[in-house]
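Enquirer: Structure file data_35.cif (mmCIF, C-alpha atoms) is given on the next line.
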```
data_my_file
#
loop_
_atom_site.label_atom_id
_atom_site.label_comp_id
_atom_site.auth_asym_id
_atom_site.auth_seq_id
_atom_site.Cartn_x
_atom_site.Cartn_y
_atom_site.Cartn_z
CA MET A 1 30.11 -22.94 15.19
CA ALA A 2 26.38 -22.52 14.98
CA THR A 3 25.09 -21.29 11.68
CA PRO A 4 23.33 -17.91 11.93
CA PRO A 5 20.65 -17.11 12.80
CA ASP A 6 21.27 -19.68 15.53
CA PHE A 7 23.83 -17.52 17.28
CA THR A 8 25.54 -18.72 20.40
CA ALA A 9 26.70 -16.64 23.32
CA GLY A 10 30.10 -15.11 22.72
CA GLN A 11 30.24 -16.19 19.08
CA VAL A 12 32.42 -13.98 16.87
CA LEU A 13 30.60 -13.14 13.66
CA THR A 14 32.47 -12.91 10.39
CA ALA A 15 31.94 -10.19 7.78
CA ALA A 16 30.34 -12.81 5.52
CA GLN A 17 27.81 -13.65 8.23
CA MET A 18 27.10 -10.01 9.02
CA ASN A 19 26.68 -9.24 5.34
CA LYS A 20 23.78 -11.69 5.22
CA ILE A 21 21.70 -9.62 7.60
CA GLY A 22 18.56 -9.07 5.60
CA LEU A 23 17.28 -5.69 6.71
CA TRP A 24 19.42 -2.69 7.50
CA VAL A 25 18.05 0.43 9.13
CA VAL A 26 18.72 3.43 6.90
CA LYS A 27 16.45 5.78 8.81
CA THR A 28 16.01 5.09 12.49
CA GLU A 29 12.54 5.31 13.95
CA THR A 30 11.53 8.96 13.75
CA ALA A 31 8.51 10.41 15.50
CA PHE A 32 6.45 13.26 14.09
CA SER A 33 3.57 15.18 15.57
CA ALA A 34 0.90 17.42 14.02
CA ALA A 35 2.87 17.59 10.78
CA ALA A 36 1.43 18.06 7.30
CA SER A 37 4.54 16.63 5.73
CA VAL A 38 7.50 14.47 6.73
CA THR A 39 10.77 14.38 4.83
CA ALA A 40 13.68 11.94 5.00
CA ASP A 41 16.69 12.72 2.81
CA SER A 42 19.97 10.95 1.98
CA ILE A 43 18.56 7.51 2.78
CA PHE A 44 18.43 5.76 -0.62
CA THR A 45 21.94 4.89 -1.73
CA SER A 46 23.74 2.42 -3.95
CA ASP A 47 24.12 0.17 -0.89
CA PHE A 48 20.60 -1.22 -1.40
CA THR A 49 18.24 -1.57 -4.35
CA ASN A 50 14.98 -2.07 -2.47
CA TYR A 51 13.61 -0.55 0.72
CA VAL A 52 10.69 -0.84 3.09
CA LEU A 53 9.02 2.02 4.93
CA LYS A 54 7.15 1.14 8.12
CA LEU A 55 4.68 3.88 8.97
CA ARG A 56 2.45 4.09 12.04
CA TYR A 57 0.17 7.09 12.01
CA THR A 58 -3.01 8.91 12.81
CA THR A 59 -4.52 11.74 10.80
CA SER A 60 -6.41 14.60 12.40
CA THR A 61 -9.09 14.75 9.70
CA THR A 62 -10.10 12.97 6.52
CA GLY A 63 -6.99 13.44 4.39
CA SER A 64 -5.32 10.35 2.99
CA VAL A 65 -1.56 9.74 3.11
CA SER A 66 0.75 9.82 0.09
CA PHE A 67 4.44 10.00 -0.74
CA LYS A 68 6.70 11.78 -3.19
CA LEU A 69 10.26 10.78 -4.00
CA ARG A 70 12.97 13.35 -3.42
CA ALA A 71 16.32 14.19 -4.98
CA SER A 72 18.70 16.67 -3.33
CA GLY A 73 15.96 17.92 -1.03
CA SER A 74 13.37 18.52 -3.74
CA SER A 75 10.19 16.43 -4.12
CA ALA A 76 9.13 15.09 -7.51
CA SER A 77 5.51 15.98 -8.28
CA THR A 78 4.68 14.20 -11.54
CA ASN A 79 4.25 10.75 -13.04
CA TYR A 80 2.81 8.74 -10.16
CA ASN A 81 0.49 5.90 -11.16
CA PHE A 82 -1.30 3.50 -8.86
CA GLN A 83 -4.09 0.96 -8.50
CA SER A 84 -5.84 0.24 -5.21
CA ILE A 85 -8.22 -2.33 -3.79
CA ASN A 86 -10.15 -1.60 -0.65
CA GLY A 87 -11.94 -4.08 1.58
CA ASN A 88 -14.39 -2.44 3.94
CA GLY A 89 -16.85 -4.73 5.71
CA ALA A 90 -18.52 -6.83 3.01
CA SER A 91 -17.70 -4.31 0.30
CA VAL A 92 -14.74 -4.39 -2.03
CA SER A 93 -13.88 -1.53 -4.32
CA ALA A 94 -11.03 -0.80 -6.66
CA SER A 95 -9.74 2.27 -8.42
CA GLY A 96 -6.84 3.34 -10.56
CA SER A 97 -5.13 6.69 -11.03
CA THR A 98 -2.51 7.77 -13.53
CA GLY A 99 -0.36 10.85 -13.96
CA GLN A 100 -0.76 11.93 -10.34
CA THR A 101 1.33 14.39 -8.36
CA SER A 102 1.95 11.89 -5.55
CA ALA A 103 1.53 8.20 -4.77
CA ASN A 104 -1.16 7.16 -2.34
CA ILE A 105 -0.09 4.75 0.43
CA GLY A 106 -2.82 4.91 3.05
CA ILE A 107 -6.24 6.09 4.05
CA LEU A 108 -7.23 8.57 6.71
CA THR A 109 -7.77 7.71 10.36
CA ASN A 110 -9.84 10.81 11.18
CA GLY A 111 -8.76 10.94 14.80
CA SER A 112 -6.65 9.10 17.29
CA PHE A 113 -6.98 5.63 15.82
CA PHE A 114 -3.61 4.30 14.79
CA SER A 115 -3.23 2.91 11.32
CA SER A 116 -0.19 1.36 9.69
CA ALA A 117 1.34 1.07 6.27
CA SER A 118 4.15 -1.15 5.08
CA VAL A 119 5.49 0.34 1.85
CA ASP A 120 7.97 -1.56 -0.28
CA LEU A 121 9.96 0.66 -2.65
CA PHE A 122 11.81 -0.98 -5.51
CA GLY A 123 14.80 0.80 -7.02
CA PRO A 124 14.25 4.41 -5.88
CA GLN A 125 17.94 5.24 -6.16
CA LEU A 126 18.25 3.82 -9.67
CA ALA A 127 17.86 6.08 -12.69
CA GLU A 128 14.85 4.00 -13.70
CA ALA A 129 11.17 3.93 -12.79
CA THR A 130 10.45 3.20 -9.11
CA THR A 131 7.72 0.70 -8.28
CA TYR A 132 5.99 0.29 -4.95
CA THR A 133 3.35 -1.63 -3.03
CA SER A 134 1.64 -0.51 0.15
CA THR A 135 -0.31 -2.68 2.54
CA ASN A 136 -2.39 -0.39 4.70
CA MET A 137 -4.36 -1.38 7.77
CA ASN A 138 -6.70 1.45 8.33
CA SER A 139 -8.73 2.50 11.34
CA GLN A 140 -11.05 5.01 9.81
CA GLY A 141 -12.52 6.57 12.92
CA ALA A 142 -12.92 3.33 14.93
CA TYR A 143 -10.90 0.26 15.84
CA THR A 144 -13.96 -1.94 15.44
CA ALA A 145 -14.04 -1.70 11.65
CA PRO A 146 -10.52 -2.09 10.26
CA ILE A 147 -10.18 -1.45 6.54
CA ASN A 148 -7.83 -3.41 4.33
CA TYR A 149 -6.27 -1.16 1.70
CA TYR A 150 -3.72 -2.42 -0.80
CA ILE A 151 -2.04 -0.19 -3.36
CA ALA A 152 0.41 -1.03 -6.12
CA GLY A 153 1.96 1.60 -8.31
CA ASN A 154 4.96 3.36 -9.70
CA HIS A 155 6.73 6.62 -10.28
CA SER A 156 7.62 6.37 -13.95
CA THR A 157 10.28 9.08 -14.08
CA ALA A 158 13.70 7.53 -14.66
CA THR A 159 15.53 9.49 -11.98
CA ALA A 160 17.71 8.41 -9.06
CA TYR A 161 16.21 9.59 -5.77
CA ASP A 162 17.78 9.79 -2.35
CA GLY A 163 14.80 10.64 -0.17
CA ILE A 164 11.08 10.56 0.42
CA GLU A 165 8.34 12.91 1.54
CA ILE A 166 5.21 11.61 3.27
CA LEU A 167 2.22 13.93 3.12
CA VAL A 168 -1.32 14.08 4.46
CA ALA A 169 -3.93 15.67 2.20
CA SER A 170 -5.68 17.68 4.91
CA GLY A 171 -5.14 18.42 8.57
CA THR A 172 -2.06 16.86 10.11
CA MET A 173 -0.61 13.47 10.94
CA THR A 174 1.09 12.11 14.02
CA GLY A 175 3.09 8.93 14.37
CA SER A 176 6.47 7.45 13.55
CA TYR A 177 8.31 5.78 10.71
CA THR A 178 11.38 3.65 10.09
CA ILE A 179 13.02 2.88 6.74
CA TYR A 180 15.09 -0.23 6.06
CA GLY A 181 17.20 -1.31 3.12
CA TYR A 182 16.90 -4.89 1.89
CA ASN A 183 20.29 -6.48 1.76
CA GLU A 184 20.98 -8.30 -1.50
CA MET B 1 -4.44 30.02 8.21
CA SER B 2 -1.38 28.86 10.15
CA THR B 3 1.68 27.73 8.26
CA PRO B 4 1.77 23.93 7.92
CA LEU B 5 4.49 22.06 9.79
CA VAL B 6 6.99 19.77 8.13
CA ASN B 7 8.95 17.18 10.06
CA ASP B 8 12.21 17.81 8.23
CA ASN B 9 14.47 14.82 8.79
CA GLY B 10 13.25 14.49 12.35
CA VAL B 11 12.87 18.16 13.22
CA ASN B 12 9.50 19.92 13.23
CA ARG B 13 9.53 23.36 11.62
CA GLU B 14 7.13 25.63 9.75
CA MET B 15 7.19 25.20 5.99
CA THR B 16 8.86 27.97 4.02
CA THR B 17 6.57 30.13 1.88
CA ASP B 18 7.51 28.15 -1.22
CA GLU B 19 7.06 24.78 0.51
CA ALA B 20 3.68 25.84 1.91
CA ALA B 21 2.51 26.99 -1.53
CA VAL B 22 3.46 23.65 -3.10
CA TYR B 23 1.87 21.72 -0.24
CA GLN B 24 -1.37 23.70 -0.29
CA ALA B 25 -1.72 23.34 -4.07
CA TRP B 26 -1.23 19.59 -3.69
CA ALA B 27 -3.75 19.41 -0.82
CA ALA B 28 -6.35 21.30 -2.85
CA GLU B 29 -5.83 18.95 -5.76
CA GLN B 30 -6.23 15.93 -3.46
CA ALA B 31 -9.47 17.37 -2.06
CA ALA B 32 -10.85 17.78 -5.58
CA LEU B 33 -9.79 14.26 -6.45
CA ILE B 34 -11.54 12.79 -3.41
CA LYS B 35 -14.67 14.79 -4.20
CA GLN B 36 -14.65 13.37 -7.73
CA ILE B 37 -14.18 9.80 -6.45
CA GLU B 38 -17.07 10.26 -4.00
CA GLN B 39 -19.26 11.69 -6.76
CA ASP B 40 -18.41 8.78 -9.06
CA ALA B 41 -19.30 6.31 -6.29
CA ALA B 42 -22.59 8.11 -5.62
CA ASP B 43 -23.42 8.12 -9.33
CA LYS B 44 -22.66 4.40 -9.56
CA ALA B 45 -24.83 3.64 -6.53
CA ALA B 46 -27.69 5.68 -7.97
CA ALA B 47 -27.42 3.87 -11.31
CA ARG B 48 -27.45 0.50 -9.51
CA ALA B 49 -30.49 1.52 -7.47
CA ALA B 50 -32.30 2.60 -10.63
CA VAL B 51 -31.68 -0.78 -12.28
CA LEU B 52 -32.84 -2.65 -9.17
CA ALA B 53 -35.98 -0.52 -9.05
CA LYS B 54 -36.75 -1.40 -12.69
CA LEU B 55 -36.32 -5.07 -11.86
CA GLY B 56 -38.34 -4.76 -8.68
CA LEU B 57 -35.53 -6.16 -6.54
CA THR B 58 -34.22 -5.03 -3.17
CA THR B 59 -30.48 -4.63 -2.56
CA ASP B 60 -30.49 -7.79 -0.41
CA GLU B 61 -32.30 -9.76 -3.13
CA ALA B 62 -29.81 -8.60 -5.73
CA ALA B 63 -26.91 -9.57 -3.46
CA ALA B 64 -28.42 -13.03 -2.94
CA LEU B 65 -28.90 -13.42 -6.69
CA LEU B 66 -25.35 -12.39 -7.57
CA GLY B 67 -23.66 -14.18 -4.68
#
```
For this file, produce the structure as structure tokens.
Expert:
Amino acid sequence: MATPPDFTAGQVLTAAQMNKIGLWVVKTETAFSAAASVTADSIFTSDFTNYVLKLRYTTSTTGSVSFKLRASGSSASTNYNFQSINGNGASVSASGSTGQTSANIGILTNGSFFSSASVDLFGPQLAEATTYTSTNMNSQGAYTAPINYYIAGNHSTATAYDGIEILVASGTMTGSYTIYGYNE
Amino acid sequence: MSTPLVNDNGVNREMTTDEAAVYQAWAAEQAALIKQIEQDAADKAAARAAVLAKLGLTTDEAAALLG
């Protein structure tokens, strides 16, 4: 028998093999349009410790994109801390923020220029602090000048969360997202 | 002002009054934060320009000097 991932046609997979699948979809790709906020509840469970959010989006104006963790349908609005580094052309800038009401994950697109963010969330469903990193490719009003935005941060409240809210700071956002759990 | 939309677990709907109030307060705070960041950057750029002027250097010359 071939060893996965070198599957062969007609091969019967065992539970042990299936349990080694690395990423498991916990929220299937969901499209949103002209929304100020997007919520996904009942997705973080004890099945997985760490998760990744794949977000493809545009923003209608100049508002950046952030998230809040949610428990039982309510978003937490305190204790977000993050540090970012931003490469734009030949310029690099960095900034840090503490005690915020949300966690930044991406910059604006200011029109129909798709941007993307890959957000790793570590331990959101544990009753401990949640840490995160976001790698954001940003098209701030043009595809000819992509911006590299990297953010690392945390939500320091020791609470178990089961969901997430994604928000844009002004105007609306359009796009889609998928959330996966990392198998251990 | 129209009520903001939330995509609630895949379904677009208008925010409730309470949700809209929380969202709008957050958005206003974000706008103020961005304004502060932009002001800080402008202040920093002005300070840098003032130092370069004292030294008699252009921005390009300073960049060449500092690598």
Enquirer: Do you know which residues the PyMOL selection byres ((chain B and resi 30) around 10) returns on this file, as a list of chain:residue names?
Expert: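 That selection, the PyMOL selection byres ((chain B and resi 30) around 10), comes back as A:Gly63, A:Ser64, A:Ser66, A:Gln100, A:Thr101, A:Ser102, A:Val168, A:Ala169, A:Ser170, B:Gln24, B:Ala25, B:Trp26, B:Ala27, B:Ala28, B:Glu29, B:Ala31, B:Ala32, B:Leu33, B:Ile34, B:Lys35, B:Gln36.
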Enquirer: For the provided coordinates, the residues matched by the PyMOL selection byres ((chain B) within 6 of (chain A)) should be stated as an MDAnalysis selection string.
Expert: chainID B and resid 4:10 27
Enquirer: Would you translate the PyMOL selection byres ((chain A and resi 20-25) around 8) into the concrete set of residues it matches in this file, as JSON, numbers by chain?
Expert: {"A": [16, 17, 18, 19, 26, 27, 28, 178, 179, 180, 181, 182, 183, 184]}
Enquirer: Identify the residues within 10 Å of coordinate (10.7, 2.5, -10.7) (same frame as the file), considering only C-alpha atoms, and give the answer as a ChimeraX atom specification.
Expert: /A:121-132,153-160
Enquirer: List as a PyMOL selection string the protein and nucleic acid residues near segment 53-67 of chain B, meaning an atom at most 12 Å away when only C-alpha atoms are counted, but skip any in the same chain fewer than 5 places from it.
Expert: (chain A and resi 90-91) or (chain B and resi 45-48)
Enquirer: Go through A:Thr133, A:Asn88, A:Thr144, A:Ser139 one by one, measure the shortest atom-to-atom distance of each to Phe67 of chain A using all atoms listed in the file, and give the residue with the smallest value.
Expert: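 Counting all atoms listed in the file, the residue closest to Phe67 of chain A is A:Thr133.
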Enquirer: Between atom CA of Thr61 of chain A and atom CA of Met173 of chain A, measure the distance and give it in Å to one decimal.
Expert: 8.7 Å
